[in-house]
$ cat data.txt   # compact mmCIF, C-alpha atoms
# COMPACT_ATOMS: atom_id res chain seq x y z
CA MET A 140 14.58 11.82 7.35
CA SER A 141 13.25 13.62 10.41
CA ASP A 142 10.15 14.46 8.41
CA MET A 143 9.68 10.77 7.70
CA ALA A 144 10.27 9.77 11.34
CA ARG A 145 7.80 12.40 12.50
CA LEU A 146 5.07 10.90 10.31
CA ILE A 147 5.86 7.22 10.90
CA GLU A 148 6.70 6.98 14.58
CA PRO A 149 3.28 7.89 16.01
CA LEU A 150 1.73 5.12 13.89
CA ILE A 151 3.82 2.26 15.28
CA PRO A 152 1.56 1.44 18.29
CA ALA A 153 -1.52 1.14 16.04
CA LEU A 154 0.38 -0.95 13.48
CA ARG A 155 1.49 -3.33 16.24
CA ARG A 156 -2.07 -3.56 17.53
CA TYR A 157 -3.47 -4.38 14.10
CA ALA A 158 -0.79 -6.98 13.39
CA ARG A 159 -1.26 -8.58 16.81
CA ALA A 160 -5.03 -8.77 16.44
CA LEU A 161 -4.82 -10.08 12.88
CA THR A 162 -2.24 -12.80 13.54
CA GLY A 163 -3.01 -13.55 17.19
CA ASN A 164 0.72 -13.86 17.89
CA ALA A 165 2.88 -11.15 19.44
CA ALA A 166 6.26 -12.20 17.99
CA ALA A 167 4.92 -12.82 14.49
CA ALA A 168 3.10 -9.49 14.64
CA ASP A 169 6.24 -7.53 15.54
CA ASP A 170 8.17 -9.26 12.74
CA LEU A 171 5.50 -8.04 10.35
CA VAL A 172 5.65 -4.51 11.72
CA GLN A 173 9.43 -4.52 11.36
CA ASP A 174 9.11 -5.61 7.71
CA CYS A 175 6.49 -2.94 7.22
CA LEU A 176 8.73 -0.22 8.66
CA GLU A 177 11.67 -1.31 6.51
CA ARG A 178 9.52 -1.20 3.40
CA THR A 179 8.07 2.12 4.34
CA ILE A 180 11.55 3.60 4.74
CA SER A 181 12.83 2.20 1.46
CA ARG A 182 9.71 3.23 -0.50
CA TRP A 183 9.23 6.59 1.16
CA HIS A 184 9.79 8.41 -2.11
CA GLN A 185 6.99 6.35 -3.73
CA ARG A 186 4.46 7.58 -1.24
CA ARG A 187 1.68 9.53 -2.88
CA ASP A 188 2.21 13.05 -1.66
CA ASP A 189 -1.53 13.69 -1.59
CA GLY A 190 -2.16 10.51 0.32
CA ASP A 191 -2.30 9.68 3.92
CA THR A 192 0.73 7.97 5.42
CA ARG A 193 -1.48 6.01 7.81
CA ALA A 194 -3.58 4.32 5.14
CA TRP A 195 -0.45 3.68 3.08
CA MET A 196 1.38 1.98 5.97
CA PHE A 197 -1.66 -0.09 6.87
CA THR A 198 -1.78 -1.22 3.25
CA ILE A 199 1.84 -2.36 3.37
CA LEU A 200 1.34 -4.10 6.72
CA HIS A 201 -1.89 -5.76 5.65
CA ASN A 202 -0.34 -7.16 2.46
CA LEU A 203 2.65 -8.49 4.38
CA ALA A 204 0.39 -10.09 6.98
CA VAL A 205 -1.86 -11.74 4.41
CA ASN A 206 1.12 -13.10 2.49
CA ARG A 207 2.67 -14.43 5.69
CA MET A 208 -0.56 -16.08 6.79
CA ARG A 209 -1.03 -17.68 3.38
CA GLN A 210 2.52 -19.05 3.47
CA THR A 211 1.86 -20.50 6.90
CA VAL A 212 -1.30 -22.14 5.62
CA ARG A 213 0.59 -23.62 2.65
CA ARG A 214 3.23 -25.05 4.94
CA GLY A 215 0.43 -26.81 6.76
CA ARG A 216 1.24 -25.39 10.17
CA HIS A 217 -1.97 -23.49 10.44
CA ILE A 218 -4.53 -25.86 11.83
CA GLU A 219 -7.74 -23.99 11.34
CA LEU A 220 -8.90 -21.87 8.48
CA GLU A 221 -12.56 -22.17 8.83
CA ASP A 222 -14.99 -20.36 6.68
CA ILE A 223 -18.28 -21.85 7.63
CA ASP A 224 -21.28 -20.51 5.79
CA GLU A 225 -23.49 -18.29 7.93
CA SER A 226 -26.42 -20.64 7.49
CA THR A 227 -24.58 -23.56 9.09
CA ILE A 228 -24.23 -21.65 12.33
CA SER A 229 -27.03 -22.61 14.64
CA GLU A 230 -29.73 -20.19 15.61
CA PRO A 231 -28.58 -17.93 18.39
CA ALA A 232 -29.60 -18.70 21.92
CA HIS A 233 -31.42 -15.78 23.42
CA GLN A 234 -29.02 -14.87 26.13
CA GLU A 235 -26.97 -11.87 27.04
CA ASP A 236 -23.88 -11.52 24.86
CA GLY A 237 -20.88 -12.51 26.94
CA LEU A 238 -18.31 -9.90 26.07
CA ARG A 239 -15.34 -10.67 28.25
CA GLU A 240 -12.11 -9.53 26.63
CA THR A 241 -10.50 -12.93 26.15
CA ASP A 242 -13.74 -14.24 24.75
CA ILE A 243 -14.00 -11.53 22.16
CA MET A 244 -10.46 -12.06 20.88
CA ALA A 245 -11.03 -15.81 20.69
CA ALA A 246 -14.20 -15.16 18.70
CA VAL A 247 -12.46 -12.62 16.41
CA ASN A 248 -9.79 -15.21 15.69
CA ARG A 249 -12.50 -17.54 14.46
CA LEU A 250 -13.63 -15.08 11.79
CA PRO A 251 -12.31 -15.63 8.28
CA GLU A 252 -9.30 -13.41 7.60
CA ASP A 253 -11.13 -11.04 5.21
CA GLN A 254 -13.87 -10.34 7.76
CA ARG A 255 -11.40 -10.04 10.63
CA SER A 256 -9.28 -7.45 8.84
CA VAL A 257 -12.27 -5.26 7.89
CA LEU A 258 -13.64 -5.39 11.42
CA LEU A 259 -10.29 -4.47 12.99
CA LEU A 260 -9.46 -1.68 10.52
CA ILE A 261 -12.83 -0.02 11.04
CA SER A 262 -13.80 -0.75 14.65
CA VAL A 263 -10.38 -0.55 16.26
CA GLU A 264 -8.11 1.44 13.94
CA GLU A 265 -10.95 3.78 12.97
CA LEU A 266 -10.11 3.90 9.30
CA SER A 267 -12.82 5.43 7.15
CA TYR A 268 -14.69 3.01 4.89
CA ALA A 269 -12.88 4.57 1.93
CA ASP A 270 -9.46 4.11 3.53
CA ALA A 271 -10.28 0.53 4.48
CA ALA A 272 -11.25 -0.09 0.84
CA ARG A 273 -7.86 1.28 -0.24
CA VAL A 274 -5.96 -0.82 2.30
CA LEU A 275 -7.76 -4.00 1.27
CA ASP A 276 -7.87 -3.07 -2.43
CA VAL A 277 -11.58 -3.82 -2.72
CA PRO A 278 -14.61 -1.61 -3.53
CA ILE A 279 -16.32 0.17 -0.62
CA GLY A 280 -19.40 -2.02 -1.16
CA THR A 281 -17.27 -5.07 -0.39
CA VAL A 282 -15.96 -3.41 2.77
CA MET A 283 -19.52 -2.75 3.89
CA SER A 284 -20.75 -6.27 3.21
CA ARG A 285 -17.73 -7.86 4.92
CA LEU A 286 -18.19 -5.56 7.90
CA ALA A 287 -21.85 -6.52 8.20
CA ARG A 288 -21.02 -10.22 7.95
CA ALA A 289 -18.18 -9.92 10.45
CA ARG A 290 -20.33 -8.17 13.03
CA GLU A 291 -23.22 -10.54 12.69
CA ARG A 292 -21.01 -13.59 12.78
CA LEU A 293 -19.12 -12.32 15.81
CA ARG A 294 -22.42 -11.64 17.56
CA ARG A 295 -23.54 -15.21 16.94
CA LEU A 296 -20.18 -16.65 17.98
CA MET A 297 -20.37 -14.75 21.24
CA GLN A 298 -23.91 -15.95 21.85
CA ASP A 299 -22.88 -19.54 21.12
CA ASP A 300 -20.01 -19.18 23.55
CA THR A 301 -22.28 -17.94 26.25
CA ALA A 302 -24.65 -20.81 25.61
CA ALA A 303 -21.79 -23.32 25.53
CA ALA A 304 -20.18 -21.90 28.64
CA THR A 305 -23.28 -22.58 30.65
CA ALA A 306 -23.49 -26.15 29.32
CA THR A 307 -19.81 -27.21 29.22
CA PRO A 308 -17.52 -24.85 31.09
CA ALA A 309 -14.12 -23.69 29.79
CA ARG A 310 -14.43 -24.71 26.18
CA PRO A 311 -11.15 -23.57 24.63
CA HIS A 312 -11.13 -21.58 21.38
CA LEU A 313 -7.41 -21.18 20.95
CA ARG A 314 -6.42 -20.89 17.36
CA SER A 315 -2.94 -22.07 16.56
CA VAL A 316 -1.00 -19.66 14.41
CA GLN A 317 2.51 -20.89 15.13
CA MET B 118 -37.01 9.21 3.46
CA ARG B 119 -34.62 6.70 1.95
CA PRO B 120 -35.14 3.24 3.39
CA ILE B 121 -32.74 2.22 6.15
CA LEU B 122 -30.06 -0.14 4.88
CA GLU B 123 -27.80 -2.56 6.68
CA ASP B 124 -24.97 -0.18 5.69
CA ASP B 125 -26.71 2.58 7.65
CA LEU B 126 -26.88 0.39 10.75
CA ASN B 127 -23.14 -0.28 10.53
CA ALA B 128 -22.32 3.36 9.87
CA TYR B 129 -24.46 4.17 12.92
CA VAL B 130 -22.34 1.80 15.02
CA ASP B 131 -19.18 3.48 13.71
CA GLY B 132 -20.48 7.01 14.20
CA ALA B 133 -20.03 7.60 10.48
CA LEU B 134 -23.48 9.08 9.69
CA ASP B 135 -24.32 12.73 9.35
CA ASP B 136 -26.78 14.19 11.87
CA ALA B 137 -29.84 13.93 9.64
CA ARG B 138 -29.29 10.30 8.72
CA ARG B 139 -28.40 9.38 12.29
CA ALA B 140 -31.75 10.75 13.45
CA GLU B 141 -33.51 8.68 10.80
CA VAL B 142 -31.70 5.52 11.88
CA GLN B 143 -32.52 6.26 15.51
CA ALA B 144 -36.21 6.64 14.67
CA HIS B 145 -36.08 3.35 12.79
CA LEU B 146 -34.46 1.56 15.73
CA GLU B 147 -37.15 2.81 18.08
CA THR B 148 -39.78 0.95 16.11
CA HIS B 149 -37.74 -2.12 15.11
CA ALA B 150 -36.73 -4.10 18.18
CA ASP B 151 -34.77 -6.75 16.26
CA SER B 152 -32.56 -4.20 14.54
CA ALA B 153 -32.17 -2.29 17.78
CA ALA B 154 -30.99 -5.41 19.63
CA ARG B 155 -28.53 -6.21 16.87
CA VAL B 156 -27.15 -2.68 16.75
CA ALA B 157 -26.80 -2.64 20.53
CA ALA B 158 -24.85 -5.90 20.37
CA TYR B 159 -22.58 -4.48 17.65
CA ILE B 160 -21.88 -1.39 19.74
CA ARG B 161 -20.97 -3.53 22.77
CA GLN B 162 -18.86 -5.75 20.52
CA ARG B 163 -16.97 -2.76 19.15
CA ALA B 164 -16.29 -1.41 22.64
CA ALA B 165 -15.15 -4.83 23.90
CA LEU B 166 -12.80 -5.27 20.93
CA ARG B 167 -11.24 -1.86 21.46
CA ALA B 168 -10.85 -2.47 25.19
CA ALA B 169 -9.26 -5.88 24.60
CA LEU B 170 -6.70 -4.42 22.18
CA ALA B 171 -5.96 -1.10 23.87
CA PRO B 172 -3.12 -2.55 26.03
CA VAL B 173 -1.18 -3.56 22.89
CA ALA B 174 -1.00 0.02 21.67
CA ALA B 175 0.02 1.17 25.15
CA GLU B 176 3.03 -1.17 25.37
CA PRO B 177 6.48 0.39 25.00
CA ILE B 178 7.81 -0.14 21.49
CA PRO B 179 10.46 -2.89 21.40
CA PRO B 180 13.97 -1.88 20.25
CA GLU B 181 13.77 -3.84 16.98
CA LEU B 182 10.94 -1.52 15.95
CA SER B 183 12.82 1.64 16.81
CA LEU B 184 12.90 3.83 13.75
CA ARG B 185 16.34 5.15 14.66
CA HIS B 186 17.79 1.63 14.77
CA LEU B 187 16.15 0.70 11.49
CA LEU B 188 17.52 3.80 9.78
CA GLU B 189 21.02 3.14 11.11
CA ALA B 190 20.90 -0.44 9.89
CA ARG B 191 20.22 0.84 6.38
CA ARG B 192 23.50 2.67 5.94
CA PRO B 193 24.99 1.32 2.72
CA ASP B 194 27.78 -1.19 3.11
CA ARG B 195 30.41 -0.36 0.50
CA ARG B 196 32.58 -3.42 0.98
CA VAL B 197 32.34 -5.97 -1.81
CA PRO B 198 33.34 -9.33 -0.37
CA TRP B 199 35.49 -11.43 -2.69
CA ARG B 200 32.81 -14.10 -2.79
CA MET B 201 30.36 -11.64 -4.28
CA ALA B 202 32.95 -10.42 -6.75
CA ALA B 203 33.69 -14.01 -7.76
CA ALA B 204 29.98 -14.72 -8.12
CA ALA B 205 29.66 -11.68 -10.36
CA VAL B 206 32.39 -13.04 -12.65
CA VAL B 207 30.60 -16.38 -12.87
CA LEU B 208 27.30 -14.67 -13.60
CA LEU B 209 28.88 -12.58 -16.35
CA ALA B 210 30.29 -15.75 -17.91
CA LEU B 211 26.92 -17.49 -17.66
CA GLY B 212 25.26 -14.44 -19.08
CA GLY B 213 27.58 -14.58 -22.08
CA ALA B 214 26.73 -18.21 -22.70
CA GLY B 215 23.03 -18.00 -22.04
CA GLY B 216 22.37 -14.53 -23.32
CA TRP B 217 21.03 -15.45 -26.73
CA SER B 218 18.21 -17.53 -25.39
CA LEU B 219 17.10 -14.57 -23.31
CA ARG B 220 16.77 -12.09 -26.14
CA GLY B 221 13.50 -10.34 -26.66
CA PRO B 222 10.58 -9.82 -24.35
CA ALA B 223 9.67 -12.40 -21.75
CA PRO B 224 6.83 -14.76 -22.71
CA GLY B 225 3.46 -13.17 -22.26
CA GLN B 226 4.99 -9.73 -22.22
CA MET B 227 4.98 -8.13 -25.63
CA MET B 228 7.60 -5.53 -26.27
CA GLN B 229 5.73 -2.30 -26.65
CA HIS B 230 6.43 0.18 -29.41
CA GLY B 231 5.77 3.86 -29.76
CA ILE B 232 4.37 5.88 -26.89
CA ALA B 233 3.28 2.75 -24.99
CA GLY B 234 6.86 1.46 -25.08
CA LEU B 235 8.21 4.78 -23.91
CA ALA B 236 5.73 4.81 -21.03
CA GLN B 237 6.82 1.31 -19.97
CA GLU B 238 10.51 2.23 -20.15
CA ALA B 239 9.89 5.35 -18.11
CA ALA B 240 8.13 3.30 -15.40
CA TYR B 241 10.97 0.73 -15.27
CA THR B 242 13.62 3.42 -15.17
CA TYR B 243 11.78 5.28 -12.43
CA ASP B 244 11.45 2.07 -10.40
CA VAL B 245 15.24 1.69 -10.43
CA TYR B 246 16.54 5.25 -10.09
CA GLY B 247 13.58 6.85 -8.34
CA ALA B 248 14.15 4.42 -5.45
CA ASP B 249 17.91 4.91 -5.34
CA GLN B 250 19.13 6.65 -2.20
CA ALA B 251 22.87 6.60 -2.99
CA HIS B 252 23.13 7.71 -6.65
CA PRO B 253 19.75 8.58 -8.10
CA VAL B 254 21.45 10.83 -10.69
CA GLU B 255 24.82 10.69 -12.38
CA PHE B 256 25.04 14.42 -13.05
CA LYS B 257 23.66 16.68 -10.37
CA ALA B 258 21.64 19.83 -10.98
CA GLU B 259 24.75 22.04 -10.75
CA ASP B 260 26.26 20.14 -13.71
CA LYS B 261 23.17 20.66 -15.82
CA ALA B 262 25.09 21.99 -18.82
CA GLN B 263 27.29 18.89 -18.96
CA LEU B 264 24.26 16.62 -18.55
CA VAL B 265 22.39 18.35 -21.38
CA ASP B 266 25.47 18.10 -23.65
CA TRP B 267 25.89 14.43 -22.87
CA ILE B 268 22.27 13.43 -23.42
CA SER B 269 21.90 15.65 -26.50
CA SER B 270 25.01 14.19 -28.12
CA ARG B 271 23.91 10.59 -27.49
CA LEU B 272 20.32 11.21 -28.65
CA GLN B 273 21.59 13.39 -31.51
CA ARG B 274 18.85 15.79 -30.61
CA SER B 275 19.04 18.81 -28.40
CA ILE B 276 17.00 18.40 -25.25
CA ALA B 277 15.58 20.92 -22.83
CA VAL B 278 15.38 20.70 -19.05
CA PRO B 279 12.00 22.06 -17.93
CA ASP B 280 11.93 24.10 -14.73
CA LEU B 281 9.29 22.99 -12.22
CA THR B 282 10.37 25.19 -9.29
CA ALA B 283 7.14 27.17 -9.48
CA ALA B 284 5.26 23.91 -8.84
CA GLY B 285 7.53 23.02 -5.92
CA TYR B 286 9.75 20.50 -7.69
CA ARG B 287 13.50 21.00 -7.75
CA PHE B 288 15.61 19.63 -10.59
CA MET B 289 17.91 16.93 -9.12
CA GLY B 290 19.94 16.08 -12.22
CA GLY B 291 19.87 13.11 -14.53
CA ARG B 292 21.61 10.40 -16.47
CA LEU B 293 21.65 8.44 -19.69
CA VAL B 294 19.72 5.13 -19.60
CA ALA B 295 19.31 2.20 -22.00
CA THR B 296 16.04 1.28 -23.72
CA PRO B 297 15.25 -1.33 -26.39
CA PHE B 298 15.24 1.61 -28.84
CA GLY B 299 18.61 3.05 -27.89
CA PRO B 300 19.73 5.62 -25.34
CA ALA B 301 17.30 7.84 -23.46
CA GLY B 302 17.77 10.72 -21.10
CA LEU B 303 16.36 10.58 -17.58
CA LEU B 304 15.74 13.85 -15.74
CA MET B 305 14.80 13.69 -12.08
CA TYR B 306 12.94 16.13 -9.85
CA ASP B 307 11.97 16.10 -6.20
CA ASN B 308 9.72 18.18 -3.99
CA GLY B 309 11.94 18.15 -0.90
CA GLN B 310 9.47 15.83 0.87
CA GLY B 311 10.71 12.60 -0.62
CA VAL B 312 8.48 12.63 -3.69
CA ARG B 313 10.52 12.12 -6.83
CA LEU B 314 9.49 12.46 -10.45
CA GLY B 315 11.31 11.17 -13.48
CA MET B 316 11.11 12.34 -17.06
CA LEU B 317 12.35 10.04 -19.79
CA VAL B 318 13.11 11.47 -23.22
CA ARG B 319 14.23 9.66 -26.36
CA PRO B 320 13.84 9.85 -30.15
CA MET B 321 10.78 8.03 -31.49
CA THR B 322 10.77 5.76 -34.54
CA ILE B 323 6.99 5.60 -34.62
CA ASP B 324 4.56 7.94 -32.87
CA LYS B 325 6.83 10.84 -33.73
CA SER B 326 4.06 13.12 -32.70
CA ALA B 327 1.49 11.95 -30.18
CA ARG B 328 -1.08 13.55 -27.93
CA MET B 329 -0.51 13.33 -24.23
CA ALA B 330 -1.77 10.05 -22.76
CA GLU B 331 -2.05 8.86 -19.18
CA HIS B 332 -0.42 5.59 -18.22
CA SER B 333 -0.20 3.58 -15.03
CA ASN B 334 1.22 0.24 -13.95
CA GLY B 335 -0.40 0.34 -10.56
CA ALA B 336 2.27 1.91 -8.38
CA VAL B 337 3.71 4.31 -10.94
CA ASN B 338 1.61 6.78 -12.89
CA GLY B 339 2.71 8.85 -15.84
CA TYR B 340 1.89 11.02 -18.82
CA ALA B 341 3.57 10.41 -22.16
CA TRP B 342 3.55 12.44 -25.35
CA ALA B 343 5.70 13.04 -28.43
CA ASP B 344 6.55 16.14 -30.34
CA GLN B 345 8.80 16.64 -33.36
CA GLY B 346 10.20 13.13 -33.14
CA LEU B 347 11.10 13.22 -29.45
CA GLY B 348 9.02 11.22 -26.97
CA TYR B 349 8.58 12.25 -23.34
CA SER B 350 7.12 10.50 -20.34
CA LEU B 351 6.77 12.08 -16.91
CA VAL B 352 6.38 9.42 -14.22
CA GLY B 353 6.08 9.27 -10.45
CA SER B 354 4.46 7.41 -7.59
CA THR B 355 2.01 10.19 -7.21
CA SER B 356 -1.51 10.76 -8.35
CA PRO B 357 -2.41 11.56 -11.96
CA ASP B 358 -4.03 14.78 -10.71
CA ILE B 359 -0.63 16.02 -9.62
CA LEU B 360 1.31 14.71 -12.60
CA HIS B 361 -0.99 15.98 -15.33
CA PRO B 362 -0.50 19.73 -14.82
CA LEU B 363 3.25 19.16 -14.38
CA ALA B 364 3.39 17.26 -17.66
CA ASN B 365 1.45 20.05 -19.38
CA GLU B 366 3.86 22.62 -17.99
CA MET B 367 6.86 20.59 -19.15
CA ARG B 368 5.44 20.24 -22.65
CA ARG B 369 4.77 23.97 -22.79
CA GLN B 370 8.33 24.85 -21.75
CA ILE B 371 9.86 22.32 -24.15
CA GLN B 372 7.82 23.68 -27.07
CA GLN B 373 9.02 27.18 -26.28
CA SER B 374 12.67 26.23 -26.01
CA ILE B 375 13.05 24.08 -29.12

$ encode --input "data.txt" --output "C-alpha cells"
Amino acid sequence: MSDMARLIEPLIPALRRYARALTGNAAAADDLVQDCLERTISRWHQRRDDGDTRAWMFTILHNLAVNRMRQTVRRGRHIELEDIDESTISEPAHQEDGLRETDIMAAVNRLPEDQRSVLLLISVEELSYADAARVLDVPIGTVMSRLARARERLRRLMQDDTAAATATPARPHLRSVQ
Amino acid sequence: MRPILEDDLNAYVDGALDDARRAEVQAHLETHADSAARVAAYIRQRAALRAALAPVAAEPIPPELSLRHLLEARRPDRRVPWRMAAAAVVLLALGGAGGWSLRGPAPGQMMQHGIAGLAQEAAYTYDVYGADQAHPVEFKAEDKAQLVDWISSRLQRSIAVPDLTAAGYRFMGGRLVATPFGPAGLLMYDNGQGVRLGMLVRPMTIDKSARMAEHSNGAVNGYAWADQGLGYSLVGSTSPDILHPLANEMRRQIQQSI
C-alpha cells in the first residue's frame, strides 16, 4: 500500500490541474479526480508493471472526464459544444496576440474537447506524444494533427478576441459546464 | 535534408526535437517569416496556458482527495444487512424461475470452444479473482499440497504448480472455478508489487494439444496452450512481452513434471 501511495500521491496536483482545465469547473474536476483515485486503488493490481503510473492514471481520468462530459451533454445542461470548421473562422486580424491568463482559459474552453485534451496533455502536463496517444487511445499521427489544429485554432481565437476587445469591450466567453 | 513538416514545428514548440532536427527547424524559421510568427505565437500560447494553470497544481489537496482517507474508506464492511439478505433470497427465487431463458451465451457472443474458450474463461476468472483484495485464493501457498489434491481430483488429472520465483513471481495459492466445460483450476502468482497473474488449467475436449497462442481482450493479456489433453492459459494485466517468457517457463516445468 505504501508503495502505491508513494507512486500516486505526487500525481494528484497534476491530475487536478488537468481535470480543472478540461471541465472548467473546480468541483466537477475534483469529483473526477476522486473517482480516478478510487479506480486506481481498486485496479492497482491490473497496472502494467512495465508501464508508467502517470500515463495510466491520466488515461483513467481522461476516460472518466469524457464520459461525464458526454452525459452532461445528453442531459442538455451543456449549452455549447461548438465544433466550427476552421474555414468558417474569419481571417485573423494582424494584431498582437492578447495572452492574458483569463483570456487564454476562455479560449481553451472554446476548443472542441478532443483538441483541448491533446493541447493540455502535451503543453501543460508534458506527456510525450506517445503517452498522449496511449491516454487518448488514438494513433500518434492523430495526436499530432489534433495538436496542430488546437494550436492554430487557439491562436486565431486569441487574435479574434484582441480584435473584438478593441471594438466591443468585455465580450464574455464563459462556457457553462454546470 | 528532410522537408520541414507541421509536426516538426509543433515538436519544436514542445522541445521534443533532437539537436540536429532543431537546428534544421531553426534555419527554416529564419527564412520563413509566416512559420516563424506562428511558432512564436504557439510558444507564447504554451507559456500562457501553463502560467494560467500553475496555481491549480499549487493548491493544497482537499481532504476528499487524500489517499489515506480513500484507503480507509475502502475497508471491507462485513455486515450483511437483512434487506440485502432478503433481496438475495428473492433474486435466487427469480433466478430459479427465469434461469432457463438465460441458458447459453448472450446474443452476439458465441460460446467459444477449444483454446479460444479456455482463453476467454481465463480472462473472466482473472477479472474476478485477480481483482479480489479479500480472498483472491481459497487455498494459500502454504496449503499447496491440499490445493493440488483438490484440483487434481476434480479434474481427474494430476496437475503441477510451476515455480516462477526465479522470475520474481511468488505463488499465492489457488482455487477451483467453474467453466462451461466443467471445473478448472486457477493458480495465482504475484510479484510483490501488486501485479498478479492467473493460470487456468482444465481438461480439453477439443484442442487436446495446441501450440501456444497469444490472446487479449484489451485489458487482460494471456498465452494459452494445450498439452496431453490439459489446456493452460496464463493471464495478467501486464504486457505480452512479460507474459510470454513466463508462459514458456511454465510449459517447460509442466512438461518435465508430468

$ interface_residues --input "data.txt" --of "chain B" --to "chain A" --cutoff "6 Å" --atoms "all atoms listed in the file" --output "MDAnalysis selection string"
chainID B and resid 163 167 169 173:174 182 311:312 354:355

$ atom_distance --input "data.txt" --atom1 "atom CA of Gly348 of chain B" --atom2 "atom CA of Ile232 of chain B"
7.1 Å

$ atom_distance --input "data.txt" --atom1 "atom CA of Asp249 of chain B" --atom2 "atom CA of Glu189 of chain B"
16.8 Å

$ atom_distance --input "data.txt" --atom1 "atom CA of Val318 of chain B" --atom2 "atom CA of Met305 of chain B"
11.5 Å

$ residues_around --input "data.txt" --residues "Leu293 of chain B" --least-positions-apart "4" --cutoff "9 Å" --atoms "all atoms listed in the file" --output "list in words"
Glu255, Leu264, Trp267, Ile268, Arg271, Pro300, Ala301, Gly302, Leu303 and Leu304 of chain B

$ residues_around --input "data.txt" --residues "Phe288 of chain B" --least-positions-apart "2" --cutoff "8 Å" --atoms "all atoms listed in the file" --output "list of chain:residue names"
B:Ala258, B:Asp280, B:Leu281, B:Thr282, B:Tyr286, B:Gly290, B:Leu304, B:Met305, B:Tyr306, B:Asp307

$ closest_residue --input "data.txt" --among "A:Ala246, A:Ala168, A:Ala289, A:Ala194" --to "Ala269 of chain A" --atoms "only C-alpha atoms"
A:Ala194

$ residues_around --input "data.txt" --residues "Pro362 of chain B" --least-positions-apart "3" --cutoff "12 Å" --atoms "all atoms listed in the file" --output "list of chain:residue names"
B:Leu281, B:Ala283, B:Ala284, B:Met329, B:Glu331, B:Gly339, B:Tyr340, B:Leu351, B:Ser356, B:Pro357, B:Asp358, B:Ile359, B:Asn365, B:Glu366, B:Met367, B:Arg368, B:Arg369

$ residues_around --input "data.txt" --residues "Asp324 of chain B" --least-positions-apart "2" --cutoff "7 Å" --atoms "all atoms listed in the file" --output "list in words"
Gly231, Ile232, Met321, Thr322, Ser326, Ala327 and Ala343 of chain B

$ residues_around --input "data.txt" --residues "Arg274 of chain B" --least-positions-apart "6" --cutoff "9 Å" --atoms "all atoms listed in the file" --output "PyMOL selection string"
chain B and resi 268+319-320+347
